[in-house]
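Asks: This is query_27.pdb, which holds PDB, C-alpha atoms:
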```pdb
ATOM      1  CA  MET A   1      -5.201 -20.869  13.447
ATOM      2  CA  SER A   2      -2.923 -18.690  11.355
ATOM      3  CA  ASN A   3      -0.823 -15.831  12.627
ATOM      4  CA  ARG A   4      -0.665 -14.304   9.198
ATOM      5  CA  ILE A   5      -2.012 -10.813   8.653
ATOM      6  CA  ILE A   6      -3.644  -9.715   5.413
ATOM      7  CA  LEU A   7      -5.166  -6.384   4.412
ATOM      8  CA  ILE A   8      -7.643  -6.279   1.543
ATOM      9  CA  THR A   9      -8.959  -2.978   0.236
ATOM     10  CA  GLY A  10     -12.440  -2.666  -1.216
ATOM     11  CA  SER A  11     -13.589  -5.677   0.780
ATOM     12  CA  ARG A  12     -17.272  -4.838   1.213
ATOM     13  CA  LYS A  13     -18.427  -6.467  -2.010
ATOM     14  CA  GLY A  14     -17.348  -8.191  -5.186
ATOM     15  CA  ILE A  15     -13.942  -9.835  -5.419
ATOM     16  CA  GLY A  16     -12.719  -8.074  -2.285
ATOM     17  CA  ARG A  17     -15.584  -9.516  -0.268
ATOM     18  CA  HIS A  18     -14.873 -12.990  -1.598
ATOM     19  CA  LEU A  19     -11.202 -12.653  -0.668
ATOM     20  CA  ALA A  20     -11.994 -11.283   2.803
ATOM     21  CA  GLU A  21     -14.357 -14.197   3.482
ATOM     22  CA  THR A  22     -11.857 -16.715   2.164
ATOM     23  CA  PHE A  23      -8.862 -15.529   4.174
ATOM     24  CA  ALA A  24     -10.858 -14.934   7.358
ATOM     25  CA  ARG A  25     -12.302 -18.439   7.076
ATOM     26  CA  ARG A  26      -8.774 -19.775   6.748
ATOM     27  CA  GLY A  27      -7.928 -18.095  10.047
ATOM     28  CA  TRP A  28      -5.807 -15.254   8.735
ATOM     29  CA  HIS A  29      -6.149 -12.010  10.682
ATOM     30  CA  THR A  30      -7.999 -10.264   7.903
ATOM     31  CA  TYR A  31      -8.396  -6.498   7.692
ATOM     32  CA  GLY A  32     -10.671  -4.969   5.115
ATOM     33  CA  CYS A  33     -11.804  -1.500   4.237
ATOM     34  CA  SER A  34     -14.301   0.354   2.134
ATOM     35  CA  ARG A  35     -16.234   3.600   2.298
ATOM     36  CA  GLN A  36     -19.318   1.859   3.646
ATOM     37  CA  PRO A  37     -19.634  -0.591   6.563
ATOM     38  CA  SER A  38     -19.427  -4.323   5.890
ATOM     39  CA  ASP A  39     -21.836  -6.947   7.143
ATOM     40  CA  LEU A  40     -19.170  -9.665   7.045
ATOM     41  CA  GLN A  41     -19.198 -11.366  10.407
ATOM     42  CA  ASP A  42     -16.118 -13.424  11.188
ATOM     43  CA  GLU A  43     -14.024 -13.485  14.335
ATOM     44  CA  HIS A  44     -10.913 -13.062  12.194
ATOM     45  CA  TYR A  45     -12.248 -10.112  10.211
ATOM     46  CA  THR A  46     -11.920  -6.417  11.045
ATOM     47  CA  HIS A  47     -13.536  -3.795   8.851
ATOM     48  CA  VAL A  48     -12.581  -0.136   8.704
ATOM     49  CA  CYS A  49     -14.586   2.527   6.863
ATOM     50  CA  LEU A  50     -12.357   4.837   4.875
ATOM     51  CA  ASP A  51     -11.581   6.321   1.488
ATOM     52  CA  VAL A  52      -8.450   4.535   0.238
ATOM     53  CA  ALA A  53      -6.970   7.848  -0.900
ATOM     54  CA  ASP A  54      -7.500   9.564   2.464
ATOM     55  CA  GLU A  55      -3.927   9.647   3.728
ATOM     56  CA  PRO A  56      -4.565  10.339   7.439
ATOM     57  CA  ALA A  57      -7.278   7.656   7.600
ATOM     58  CA  VAL A  58      -5.065   5.113   5.850
ATOM     59  CA  LYS A  59      -2.189   5.863   8.191
ATOM     60  CA  ARG A  60      -4.497   5.380  11.169
ATOM     61  CA  LEU A  61      -5.482   1.966   9.839
ATOM     62  CA  PHE A  62      -1.848   0.913   9.499
ATOM     63  CA  ARG A  63      -1.142   2.262  12.943
ATOM     64  CA  GLN A  64      -3.924   0.050  14.263
ATOM     65  CA  ILE A  65      -2.412  -3.024  12.569
ATOM     66  CA  ARG A  66       1.048  -2.121  13.826
ATOM     67  CA  THR A  67      -0.213  -1.722  17.381
ATOM     68  CA  ARG A  68      -2.149  -4.994  17.368
ATOM     69  CA  HIS A  69       0.192  -7.227  15.389
ATOM     70  CA  GLY A  70       3.440  -5.389  14.684
ATOM     71  CA  ARG A  71       3.538  -6.917  11.228
ATOM     72  CA  LEU A  72       1.738  -7.356   7.932
ATOM     73  CA  ASP A  73       2.189 -10.334   5.602
ATOM     74  CA  ALA A  74       0.077  -9.396   2.622
ATOM     75  CA  LEU A  75      -1.637  -6.402   1.077
ATOM     76  CA  VAL A  76      -4.221  -6.828  -1.668
ATOM     77  CA  ASN A  77      -5.003  -3.530  -3.390
ATOM     78  CA  ASN A  78      -8.374  -4.592  -4.696
ATOM     79  CA  ALA A  79     -10.342  -1.353  -4.271
ATOM     80  CA  GLY A  80     -11.168   0.133  -7.610
ATOM     81  CA  VAL A  81     -13.713   2.162  -9.476
ATOM     82  CA  ALA A  82     -14.467   2.120 -13.183
ATOM     83  CA  SER A  83     -15.957   4.579 -15.579
ATOM     84  CA  MET A  84     -17.539   3.404 -18.796
ATOM     85  CA  ASN A  85     -17.745   6.478 -20.971
ATOM     86  CA  LEU A  86     -16.244   7.647 -24.206
ATOM     87  CA  ALA A  87     -13.430  10.120 -23.625
ATOM     88  CA  MET A  88     -15.247  12.918 -25.418
ATOM     89  CA  THR A  89     -18.012  12.856 -22.804
ATOM     90  CA  THR A  90     -15.979  12.001 -19.693
ATOM     91  CA  PRO A  91     -15.822  14.862 -17.173
ATOM     92  CA  VAL A  92     -12.433  15.646 -15.669
ATOM     93  CA  ALA A  93     -14.007  15.090 -12.255
ATOM     94  CA  THR A  94     -14.643  11.469 -13.256
ATOM     95  CA  LEU A  95     -11.057  11.001 -14.384
ATOM     96  CA  GLU A  96      -9.806  12.482 -11.117
ATOM     97  CA  ARG A  97     -12.106  10.246  -9.057
ATOM     98  CA  VAL A  98     -10.933   7.115 -10.886
ATOM     99  CA  LEU A  99      -7.263   8.058 -10.580
ATOM    100  CA  ARG A 100      -7.684   8.901  -6.913
ATOM    101  CA  THR A 101      -9.083   5.531  -5.919
ATOM    102  CA  ASN A 102      -7.152   3.300  -8.306
ATOM    103  CA  VAL A 103      -3.759   5.004  -8.406
ATOM    104  CA  VAL A 104      -3.469   7.128  -5.274
ATOM    105  CA  GLY A 105      -5.099   4.426  -3.139
ATOM    106  CA  THR A 106      -2.784   1.713  -4.423
ATOM    107  CA  PHE A 107       0.261   3.933  -3.969
ATOM    108  CA  LEU A 108      -0.685   4.981  -0.460
ATOM    109  CA  PHE A 109      -1.485   1.500   0.835
ATOM    110  CA  SER A 110       1.654   0.049  -0.740
ATOM    111  CA  ARG A 111       3.817   2.750   0.809
ATOM    112  CA  GLU A 112       2.447   2.177   4.281
ATOM    113  CA  ALA A 113       2.475  -1.612   3.915
ATOM    114  CA  VAL A 114       6.143  -1.838   3.074
ATOM    115  CA  LYS A 115       6.993   0.066   6.243
ATOM    116  CA  LEU A 116       5.325  -2.712   8.211
ATOM    117  CA  MET A 117       6.780  -5.503   6.087
ATOM    118  CA  ARG A 118      10.342  -4.205   6.017
ATOM    119  CA  PRO A 119      11.404  -5.312   9.517
ATOM    120  CA  GLN A 120      10.392  -8.912   8.777
ATOM    121  CA  GLN A 121      12.190  -8.775   5.391
ATOM    122  CA  ASN A 122       9.222 -10.451   3.815
ATOM    123  CA  GLY A 123       5.880  -9.420   2.403
ATOM    124  CA  ARG A 124       3.533  -9.622  -0.528
ATOM    125  CA  ILE A 125       1.705  -6.842  -2.308
ATOM    126  CA  VAL A 126      -0.800  -7.694  -5.011
ATOM    127  CA  ASN A 127      -2.408  -4.978  -7.102
ATOM    128  CA  PHE A 128      -5.353  -5.131  -9.464
ATOM    129  CA  SER A 129      -5.398  -4.191 -13.117
ATOM    130  CA  THR A 130      -7.721  -5.439 -15.836
ATOM    131  CA  ILE A 131      -7.588  -7.096 -19.236
ATOM    132  CA  ALA A 132      -9.055  -3.815 -20.507
ATOM    133  CA  VAL A 133      -5.482  -2.462 -20.477
ATOM    134  CA  PRO A 134      -3.970  -4.814 -23.082
ATOM    135  CA  LEU A 135      -7.269  -4.771 -24.994
ATOM    136  CA  LYS A 136      -7.077  -0.953 -25.080
ATOM    137  CA  LEU A 137     -10.801  -1.006 -24.586
ATOM    138  CA  GLU A 138     -12.754   1.841 -26.153
ATOM    139  CA  GLY A 139     -14.976   3.719 -23.744
ATOM    140  CA  GLU A 140     -12.775   3.100 -20.738
ATOM    141  CA  SER A 141     -10.004   5.645 -21.153
ATOM    142  CA  ALA A 142     -10.070   6.813 -17.518
ATOM    143  CA  TYR A 143     -10.217   3.288 -16.119
ATOM    144  CA  VAL A 144      -7.577   1.907 -18.486
ATOM    145  CA  ALA A 145      -5.262   4.861 -17.858
ATOM    146  CA  SER A 146      -5.546   4.341 -14.106
ATOM    147  CA  LYS A 147      -4.843   0.633 -14.337
ATOM    148  CA  ALA A 148      -1.939   1.158 -16.742
ATOM    149  CA  ALA A 149      -0.538   3.449 -14.078
ATOM    150  CA  VAL A 150      -0.978   0.693 -11.499
ATOM    151  CA  GLU A 151       0.937  -1.718 -13.728
ATOM    152  CA  ALA A 152       3.774   0.754 -14.228
ATOM    153  CA  MET A 153       3.854   1.533 -10.524
ATOM    154  CA  THR A 154       3.999  -2.187  -9.765
ATOM    155  CA  SER A 155       7.154  -2.524 -11.859
ATOM    156  CA  VAL A 156       8.880   0.293 -10.032
ATOM    157  CA  LEU A 157       7.759  -0.679  -6.535
ATOM    158  CA  ALA A 158       8.926  -4.227  -7.201
ATOM    159  CA  LYS A 159      12.450  -2.897  -7.659
ATOM    160  CA  GLU A 160      12.309  -0.539  -4.689
ATOM    161  CA  TYR A 161      10.825  -3.083  -2.301
ATOM    162  CA  ALA A 162      12.943  -6.072  -3.334
ATOM    163  CA  THR A 163      15.541  -4.723  -0.914
ATOM    164  CA  TYR A 164      13.119  -5.588   1.867
ATOM    165  CA  GLY A 165      12.101  -9.019   0.596
ATOM    166  CA  VAL A 166       8.711  -7.683  -0.490
ATOM    167  CA  THR A 167       7.256  -8.727  -3.840
ATOM    168  CA  VAL A 168       4.824  -6.570  -5.802
ATOM    169  CA  ASN A 169       2.696  -8.021  -8.573
ATOM    170  CA  THR A 170      -0.483  -7.181 -10.431
ATOM    171  CA  ILE A 171      -3.262  -9.412 -11.630
ATOM    172  CA  GLY A 172      -5.471  -8.482 -14.561
ATOM    173  CA  PRO A 173      -8.800 -10.271 -14.223
ATOM    174  CA  PRO A 174     -11.304 -10.887 -16.990
ATOM    175  CA  PRO A 175     -14.883  -9.679 -16.529
ATOM    176  CA  ILE A 176     -16.306 -11.110 -13.322
ATOM    177  CA  ASP A 177     -19.936 -10.740 -12.340
ATOM    178  CA  THR A 178     -19.612  -7.855  -9.870
ATOM    179  CA  ASP A 179     -21.037  -4.341  -9.540
ATOM    180  CA  LEU A 180     -18.041  -2.996 -11.445
ATOM    181  CA  ILE A 181     -19.320  -4.321 -14.767
ATOM    182  CA  ARG A 182     -23.020  -4.571 -13.990
ATOM    183  CA  GLY A 183     -23.771  -1.393 -15.908
ATOM    184  CA  ILE A 184     -22.404  -2.701 -19.187
ATOM    185  CA  PRO A 185     -24.909  -4.192 -21.623
ATOM    186  CA  PRO A 186     -24.205  -7.953 -21.897
ATOM    187  CA  GLU A 187     -24.023  -7.793 -25.689
ATOM    188  CA  ASN A 188     -21.250  -5.199 -25.422
ATOM    189  CA  LEU A 189     -19.289  -7.383 -23.036
ATOM    190  CA  ALA A 190     -19.643 -10.414 -25.260
ATOM    191  CA  ALA A 191     -18.664  -8.644 -28.458
ATOM    192  CA  ARG A 192     -16.065  -6.207 -27.233
ATOM    193  CA  VAL A 193     -14.340  -8.120 -24.474
ATOM    194  CA  LEU A 194     -15.032 -11.840 -24.265
ATOM    195  CA  ALA A 195     -14.730 -12.416 -28.010
ATOM    196  CA  ARG A 196     -11.169 -11.125 -27.850
ATOM    197  CA  LEU A 197     -10.056 -13.680 -25.265
ATOM    198  CA  ALA A 198      -8.661 -17.160 -25.867
ATOM    199  CA  PHE A 199     -11.106 -18.352 -23.205
ATOM    200  CA  PRO A 200     -14.173 -16.244 -23.997
ATOM    201  CA  ARG A 201     -15.971 -16.515 -20.693
ATOM    202  CA  PHE A 202     -16.491 -14.689 -17.433
ATOM    203  CA  GLY A 203     -14.061 -15.317 -14.610
ATOM    204  CA  GLU A 204     -15.041 -16.604 -11.189
ATOM    205  CA  PRO A 205     -13.866 -15.179  -7.853
ATOM    206  CA  GLU A 206     -12.062 -18.467  -7.258
ATOM    207  CA  ASP A 207      -9.902 -17.756 -10.317
ATOM    208  CA  ILE A 208      -8.578 -14.762  -8.422
ATOM    209  CA  THR A 209      -8.046 -16.707  -5.205
ATOM    210  CA  HIS A 210      -5.960 -19.391  -6.936
ATOM    211  CA  VAL A 211      -3.516 -16.917  -8.446
ATOM    212  CA  LEU A 212      -3.447 -14.903  -5.247
ATOM    213  CA  ASP A 213      -2.602 -18.045  -3.275
ATOM    214  CA  PHE A 214       0.414 -18.572  -5.498
ATOM    215  CA  LEU A 215       1.587 -14.963  -5.327
ATOM    216  CA  LEU A 216       1.270 -14.932  -1.535
ATOM    217  CA  SER A 217       3.095 -18.222  -1.130
ATOM    218  CA  GLU A 218       6.741 -18.631  -0.188
ATOM    219  CA  ARG A 219       7.259 -20.341  -3.525
ATOM    220  CA  ALA A 220       6.587 -17.060  -5.314
ATOM    221  CA  GLY A 221       9.498 -15.303  -3.640
ATOM    222  CA  MET A 222      11.237 -14.677  -6.989
ATOM    223  CA  MET A 223       8.068 -13.507  -8.691
ATOM    224  CA  THR A 224       7.886  -9.720  -8.665
ATOM    225  CA  GLY A 225       7.075  -6.771 -10.885
ATOM    226  CA  GLN A 226       4.765  -8.822 -13.067
ATOM    227  CA  THR A 227       1.262  -8.366 -14.403
ATOM    228  CA  LEU A 228      -0.675 -11.595 -14.912
ATOM    229  CA  TYR A 229      -3.647 -11.412 -17.243
ATOM    230  CA  TYR A 230      -6.448 -13.926 -17.388
ATOM    231  CA  GLY A 231      -8.253 -15.432 -20.325
ATOM    232  CA  GLY A 232      -5.531 -15.380 -22.951
ATOM    233  CA  VAL A 233      -5.682 -11.734 -23.866
TER     234      VAL A 233
ATOM    235  CA  MET B   1      11.889  15.276  29.317
ATOM    236  CA  THR B   2      11.472  18.009  26.689
ATOM    237  CA  ARG B   3       9.844  17.287  23.364
ATOM    238  CA  GLU B   4      13.233  17.737  21.630
ATOM    239  CA  ALA B   5      14.794  15.193  23.998
ATOM    240  CA  ILE B   6      12.052  12.695  23.197
ATOM    241  CA  ILE B   7      12.519  13.283  19.467
ATOM    242  CA  LEU B   8      16.263  12.792  19.861
ATOM    243  CA  ARG B   9      15.676   9.492  21.649
ATOM    244  CA  LEU B  10      13.387   8.315  18.855
ATOM    245  CA  VAL B  11      15.885   9.351  16.172
ATOM    246  CA  HIS B  12      18.579   7.426  18.045
ATOM    247  CA  GLU B  13      16.334   4.351  18.103
ATOM    248  CA  ALA B  14      15.795   4.721  14.372
ATOM    249  CA  ILE B  15      19.561   4.974  13.849
ATOM    250  CA  ASP B  16      20.012   1.744  15.801
ATOM    251  CA  VAL B  17      17.716  -0.005  13.331
ATOM    252  CA  VAL B  18      19.488   1.505  10.313
ATOM    253  CA  ASN B  19      22.867   0.527  11.762
ATOM    254  CA  GLU B  20      21.784  -3.108  11.882
ATOM    255  CA  GLY B  21      21.716  -3.070   8.085
ATOM    256  CA  LEU B  22      25.035  -1.296   7.605
ATOM    257  CA  PRO B  23      28.327  -3.156   7.130
ATOM    258  CA  PRO B  24      30.655  -3.464  10.152
ATOM    259  CA  GLY B  25      32.514  -0.213  10.756
ATOM    260  CA  ALA B  26      29.978   1.849   8.850
ATOM    261  CA  ALA B  27      27.584   2.324  11.751
ATOM    262  CA  LEU B  28      26.389   5.892  12.311
ATOM    263  CA  GLU B  29      27.584   7.513  15.513
ATOM    264  CA  LYS B  30      24.808   9.115  17.497
ATOM    265  CA  THR B  31      26.476  12.496  17.759
ATOM    266  CA  PRO B  32      24.758  15.781  16.891
ATOM    267  CA  GLU B  33      27.316  16.766  14.288
ATOM    268  CA  VAL B  34      27.479  13.504  12.349
ATOM    269  CA  THR B  35      26.622  14.263   8.718
ATOM    270  CA  LEU B  36      23.687  12.089   7.762
ATOM    271  CA  PHE B  37      22.955  13.087   4.205
ATOM    272  CA  GLY B  38      24.314  15.402   1.535
ATOM    273  CA  ALA B  39      27.957  16.247   0.850
ATOM    274  CA  ASP B  40      30.120  13.919   2.950
ATOM    275  CA  GLY B  41      26.922  12.346   4.258
ATOM    276  CA  ARG B  42      27.125   8.868   5.741
ATOM    277  CA  LEU B  43      23.816   7.669   4.351
ATOM    278  CA  ASP B  44      22.890   7.032   0.740
ATOM    279  CA  SER B  45      19.351   7.855  -0.375
ATOM    280  CA  LEU B  46      18.086   4.404   0.577
ATOM    281  CA  GLY B  47      19.642   4.713   4.012
ATOM    282  CA  LEU B  48      18.035   8.110   4.503
ATOM    283  CA  VAL B  49      14.634   6.703   3.491
ATOM    284  CA  GLU B  50      15.041   3.929   6.047
ATOM    285  CA  LEU B  51      16.045   6.346   8.769
ATOM    286  CA  LEU B  52      13.097   8.639   8.055
ATOM    287  CA  ALA B  53      10.627   5.744   7.819
ATOM    288  CA  GLU B  54      11.816   4.338  11.146
ATOM    289  CA  THR B  55      11.676   7.806  12.691
ATOM    290  CA  GLU B  56       8.153   8.434  11.368
ATOM    291  CA  VAL B  57       6.878   5.188  12.854
ATOM    292  CA  ARG B  58       8.253   6.063  16.267
ATOM    293  CA  LEU B  59       6.952   9.625  16.155
ATOM    294  CA  GLU B  60       3.480   8.405  15.241
ATOM    295  CA  GLU B  61       3.507   5.972  18.149
ATOM    296  CA  GLU B  62       4.910   8.422  20.675
ATOM    297  CA  PHE B  63       2.872  11.478  19.778
ATOM    298  CA  SER B  64      -0.275   9.868  18.304
ATOM    299  CA  VAL B  65       0.054  11.819  15.091
ATOM    300  CA  SER B  66       0.014  11.022  11.414
ATOM    301  CA  LEU B  67       2.869  12.690   9.586
ATOM    302  CA  SER B  68       5.207  12.539   6.621
ATOM    303  CA  LEU B  69       8.700  13.899   7.085
ATOM    304  CA  VAL B  70       9.552  13.957   3.413
ATOM    305  CA  ASN B  71       7.777  16.542   1.331
ATOM    306  CA  ASP B  72       8.640  18.957  -1.437
ATOM    307  CA  LYS B  73       9.289  21.762   1.028
ATOM    308  CA  ALA B  74      11.785  19.721   3.035
ATOM    309  CA  LEU B  75      13.588  18.569  -0.093
ATOM    310  CA  SER B  76      13.855  22.078  -1.513
ATOM    311  CA  GLN B  77      15.237  23.800   1.575
ATOM    312  CA  ARG B  78      18.639  25.361   0.984
ATOM    313  CA  ASN B  79      19.932  23.714   4.151
ATOM    314  CA  SER B  80      18.570  20.194   4.135
ATOM    315  CA  PRO B  81      16.809  19.277   7.381
ATOM    316  CA  PHE B  82      18.293  15.816   6.912
ATOM    317  CA  ARG B  83      21.970  16.819   6.975
ATOM    318  CA  SER B  84      22.568  16.046  10.653
ATOM    319  CA  ILE B  85      20.865  14.605  13.708
ATOM    320  CA  ASP B  86      20.613  18.117  15.142
ATOM    321  CA  SER B  87      18.911  19.540  12.067
ATOM    322  CA  LEU B  88      16.642  16.499  11.833
ATOM    323  CA  VAL B  89      15.470  16.915  15.424
ATOM    324  CA  THR B  90      14.809  20.631  14.879
ATOM    325  CA  TYR B  91      12.903  19.869  11.694
ATOM    326  CA  VAL B  92      10.830  17.108  13.319
ATOM    327  CA  ALA B  93       9.898  19.421  16.191
ATOM    328  CA  ALA B  94       8.679  21.993  13.659
ATOM    329  CA  VAL B  95       6.649  19.388  11.754
ATOM    330  CA  LEU B  96       5.142  18.053  14.971
ATOM    331  CA  ALA B  97       4.084  21.546  15.996
ATOM    332  CA  THR B  98       1.752  21.634  13.004
ATOM    333  CA  GLU B  99       0.224  18.204  13.576
ATOM    334  CA  ALA B 100      -2.858  17.450  15.651
ATOM    335  CA  PRO B 101      -3.119  14.128  17.497
ATOM    336  CA  VAL B 102      -5.260  11.526  15.757
ATOM    337  CA  GLY B 103      -7.620   8.842  17.044
ATOM    338  CA  GLU B 104      -7.518   5.141  16.227
ATOM    339  CA  ALA B 105      -9.314   3.785  13.188
ATOM    340  CA  GLY B 106     -11.921   1.069  13.321
TER     341      GLY B 106
END
```
Can you dump the structure from the file as structure tokens?
Replies:
Amino acid sequence: MSNRIILITGSRKGIGRHLAETFARRGWHTYGCSRQPSDLQDEHYTHVCLDVADEPAVKRLFRQIRTRHGRLDALVNNAGVASMNLAMTTPVATLERVLRTNVVGTFLFSREAVKLMRPQQNGRIVNFSTIAVPLKLEGESAYVASKAAVEAMTSVLAKEYATYGVTVNTIGPPPIDTDLIRGIPPENLAARVLARLAFPRFGEPEDITHVLDFLLSERAGMMTGQTLYYGGV
Amino acid sequence: MTREAIILRLVHEAIDVVNEGLPPGAALEKTPEVTLFGADGRLDSLGLVELLAETEVRLEEEFSVSLSLVNDKALSQRNSPFRSIDSLVTYVAAVLATEAPVGEAG
């Protein structure tokens, strides 16, 4: 039984769901959130329905964790939305929605997390980017811009939070078979994304877990402010 | 106990936490006139952030509210609400007056 506390955003499905299941199964006190309810049943898992950019709701969630545990060991800012659309036909409302979830959500959760991590002088924050950023992928200007912002924010937060023993890193996964990419024609993925990787294949959720395990470990205490891409981009 | 007295107690608790991280002899006195921040202030910007974060946490627990003490309005005031314990308590009381209690998530 672990006494470690982890919070994973966007945990209802996809990679977030896989991570929530994995850490709950390991006995971590696992908190997850998404707009919709989760059907994940595990005695170590608590799900909260919220919009990650809703400041009062997010603060209530952290207040709940503070009241119950008084600490937080790890935050995984997994929640994210994508928009596959050429810039010329992307509505501003879409750009704002993508920025709100990916950038505002990551900022807000990180800000509240470090307040809980600071007293213990230890903590881990892991954000999510994408290989679409270094690939400068056409048709994903809103998504890429939001994730580039997450990477830049990671670098700055790493410096601010080092004072408190908290590391902040970003991982940039390759395409993984989740809802996020399900709308993209397979031939587009193969030609435009996979062909540009050293390992031209889809990633598996376990690929994320392995890197996350390292970043959350004590051994990664000097590792901060970095973005780790998969696939040899 | 008045609301201001409760706020003062919480600010003092927050100062205790901040003092733990300050070098010997640099601890903040818990007197109304001690200059916290600004010209001749005892705290640098990081120290002020710590004090406000610790104060926020305690306010949220005590009053069941969700609030942020630092905002553009506070930072642009001619007389900073963060210059002394007295001004901080007055400012917090004003912020609290605009906040409604919140329920628990989940």
Asks: Please write the residues picked by the PyMOL selection byres ((chain A and resi 186-196) around 12) on this file as a tab-separated table (two decimals) with C-alpha atoms, in the coordinates of the input.
Replies:
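Ended up saving to out_25.tsv:
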```tsv
chain	number	residue	atom	x	y	z
A	84	MET	CA	-17.54	3.40	-18.80
A	130	THR	CA	-7.72	-5.44	-15.84
A	131	ILE	CA	-7.59	-7.10	-19.24
A	132	ALA	CA	-9.06	-3.82	-20.51
A	133	VAL	CA	-5.48	-2.46	-20.48
A	134	PRO	CA	-3.97	-4.81	-23.08
A	135	LEU	CA	-7.27	-4.77	-24.99
A	136	LYS	CA	-7.08	-0.95	-25.08
A	137	LEU	CA	-10.80	-1.01	-24.59
A	138	GLU	CA	-12.75	1.84	-26.15
A	139	GLY	CA	-14.98	3.72	-23.74
A	140	GLU	CA	-12.78	3.10	-20.74
A	173	PRO	CA	-8.80	-10.27	-14.22
A	174	PRO	CA	-11.30	-10.89	-16.99
A	175	PRO	CA	-14.88	-9.68	-16.53
A	176	ILE	CA	-16.31	-11.11	-13.32
A	177	ASP	CA	-19.94	-10.74	-12.34
A	181	ILE	CA	-19.32	-4.32	-14.77
A	182	ARG	CA	-23.02	-4.57	-13.99
A	183	GLY	CA	-23.77	-1.39	-15.91
A	184	ILE	CA	-22.40	-2.70	-19.19
A	185	PRO	CA	-24.91	-4.19	-21.62
A	197	LEU	CA	-10.06	-13.68	-25.26
A	198	ALA	CA	-8.66	-17.16	-25.87
A	199	PHE	CA	-11.11	-18.35	-23.20
A	200	PRO	CA	-14.17	-16.24	-24.00
A	201	ARG	CA	-15.97	-16.52	-20.69
A	202	PHE	CA	-16.49	-14.69	-17.43
A	203	GLY	CA	-14.06	-15.32	-14.61
A	230	TYR	CA	-6.45	-13.93	-17.39
A	231	GLY	CA	-8.25	-15.43	-20.32
A	232	GLY	CA	-5.53	-15.38	-22.95
A	233	VAL	CA	-5.68	-11.73	-23.87
```
Asks: If you measure from CA of Glu21 (chain A) to CA of Arg66 (chain A), what distance in Å do you get, rounded to one decimal?
Replies: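 So the two atoms, CA of Glu21 (chain A) and CA of Arg66 (chain A), lie 22.1 Å apart.
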Asks: Quick one: which chain A residues come within 9 Å of chain B, and what is the nearest atom pair for each with the distance in Å to one decimal, counting all atoms listed in the file, rows ordered by chain and ascending number, as JSON lines?
Replies:
```
{"residue": "A:Thr46", "atom": "CA", "partner": "B:Gly106", "partner_atom": "CA", "distance": 7.8}
{"residue": "A:His47", "atom": "CA", "partner": "B:Gly106", "partner_atom": "CA", "distance": 6.8}
{"residue": "A:Val48", "atom": "CA", "partner": "B:Gly106", "partner_atom": "CA", "distance": 4.8}
{"residue": "A:Cys49", "atom": "CA", "partner": "B:Gly106", "partner_atom": "CA", "distance": 7.1}
{"residue": "A:Leu50", "atom": "CA", "partner": "B:Ala105", "partner_atom": "CA", "distance": 8.9}
{"residue": "A:Glu55", "atom": "CA", "partner": "B:Ser66", "partner_atom": "CA", "distance": 8.7}
{"residue": "A:Pro56", "atom": "CA", "partner": "B:Ser66", "partner_atom": "CA", "distance": 6.1}
{"residue": "A:Ala57", "atom": "CA", "partner": "B:Ala105", "partner_atom": "CA", "distance": 7.1}
{"residue": "A:Val58", "atom": "CA", "partner": "B:Ala105", "partner_atom": "CA", "distance": 8.6}
{"residue": "A:Lys59", "atom": "CA", "partner": "B:Ser66", "partner_atom": "CA", "distance": 6.5}
{"residue": "A:Arg60", "atom": "CA", "partner": "B:Ala105", "partner_atom": "CA", "distance": 5.5}
{"residue": "A:Leu61", "atom": "CA", "partner": "B:Ala105", "partner_atom": "CA", "distance": 5.4}
{"residue": "A:Phe62", "atom": "CA", "partner": "B:Ala105", "partner_atom": "CA", "distance": 8.8}
{"residue": "A:Arg63", "atom": "CA", "partner": "B:Glu104", "partner_atom": "CA", "distance": 7.7}
{"residue": "A:Gln64", "atom": "CA", "partner": "B:Glu104", "partner_atom": "CA", "distance": 6.5}
{"residue": "A:Thr67", "atom": "CA", "partner": "B:Glu61", "partner_atom": "CA", "distance": 8.6}
{"residue": "A:Lys115", "atom": "CA", "partner": "B:Ala53", "partner_atom": "CA", "distance": 6.9}
```
Asks: Any chance you could resolve the PyMOL selection byres ((chain A and resi 88) around 12) against this file and give the residues as a VMD selection string?
Replies: chain A and resid 84 to 87 89 to 92 95 138 to 142
Asks: Care to translate the PyMOL selection byres ((chain A and resi 36) around 8) into actual residues of this file, as a count of residues only?
Replies: 7
Asks: Tell me which protein, DNA and RNA residues are within 7 Å of region 86-90 of chain B, counting all atoms listed in the file, leaving out same-chain ones fewer than 5 positions away, and put them as a list in words.
Replies: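 Here the answer would be Glu4, Ile7, Leu8, Pro32, Glu33 and Pro81 of chain B.
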Asks: Can you tell me which residues surround Val34 (chain B) at a distance of at most 9 Å, considering all atoms listed in the file, apart from same-chain residues fewer than 5 positions away, and format the answer as a PyMOL selection string?
Replies: chain B and resi 28-29+41-42+83-86
Asks: Just the number, please: distance in Å from CA of Asn3 (chain A) to CA of Thr55 (chain B), one decimal.
Replies: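 CA of Asn3 (chain A) sits 26.7 Å away from CA of Thr55 (chain B).
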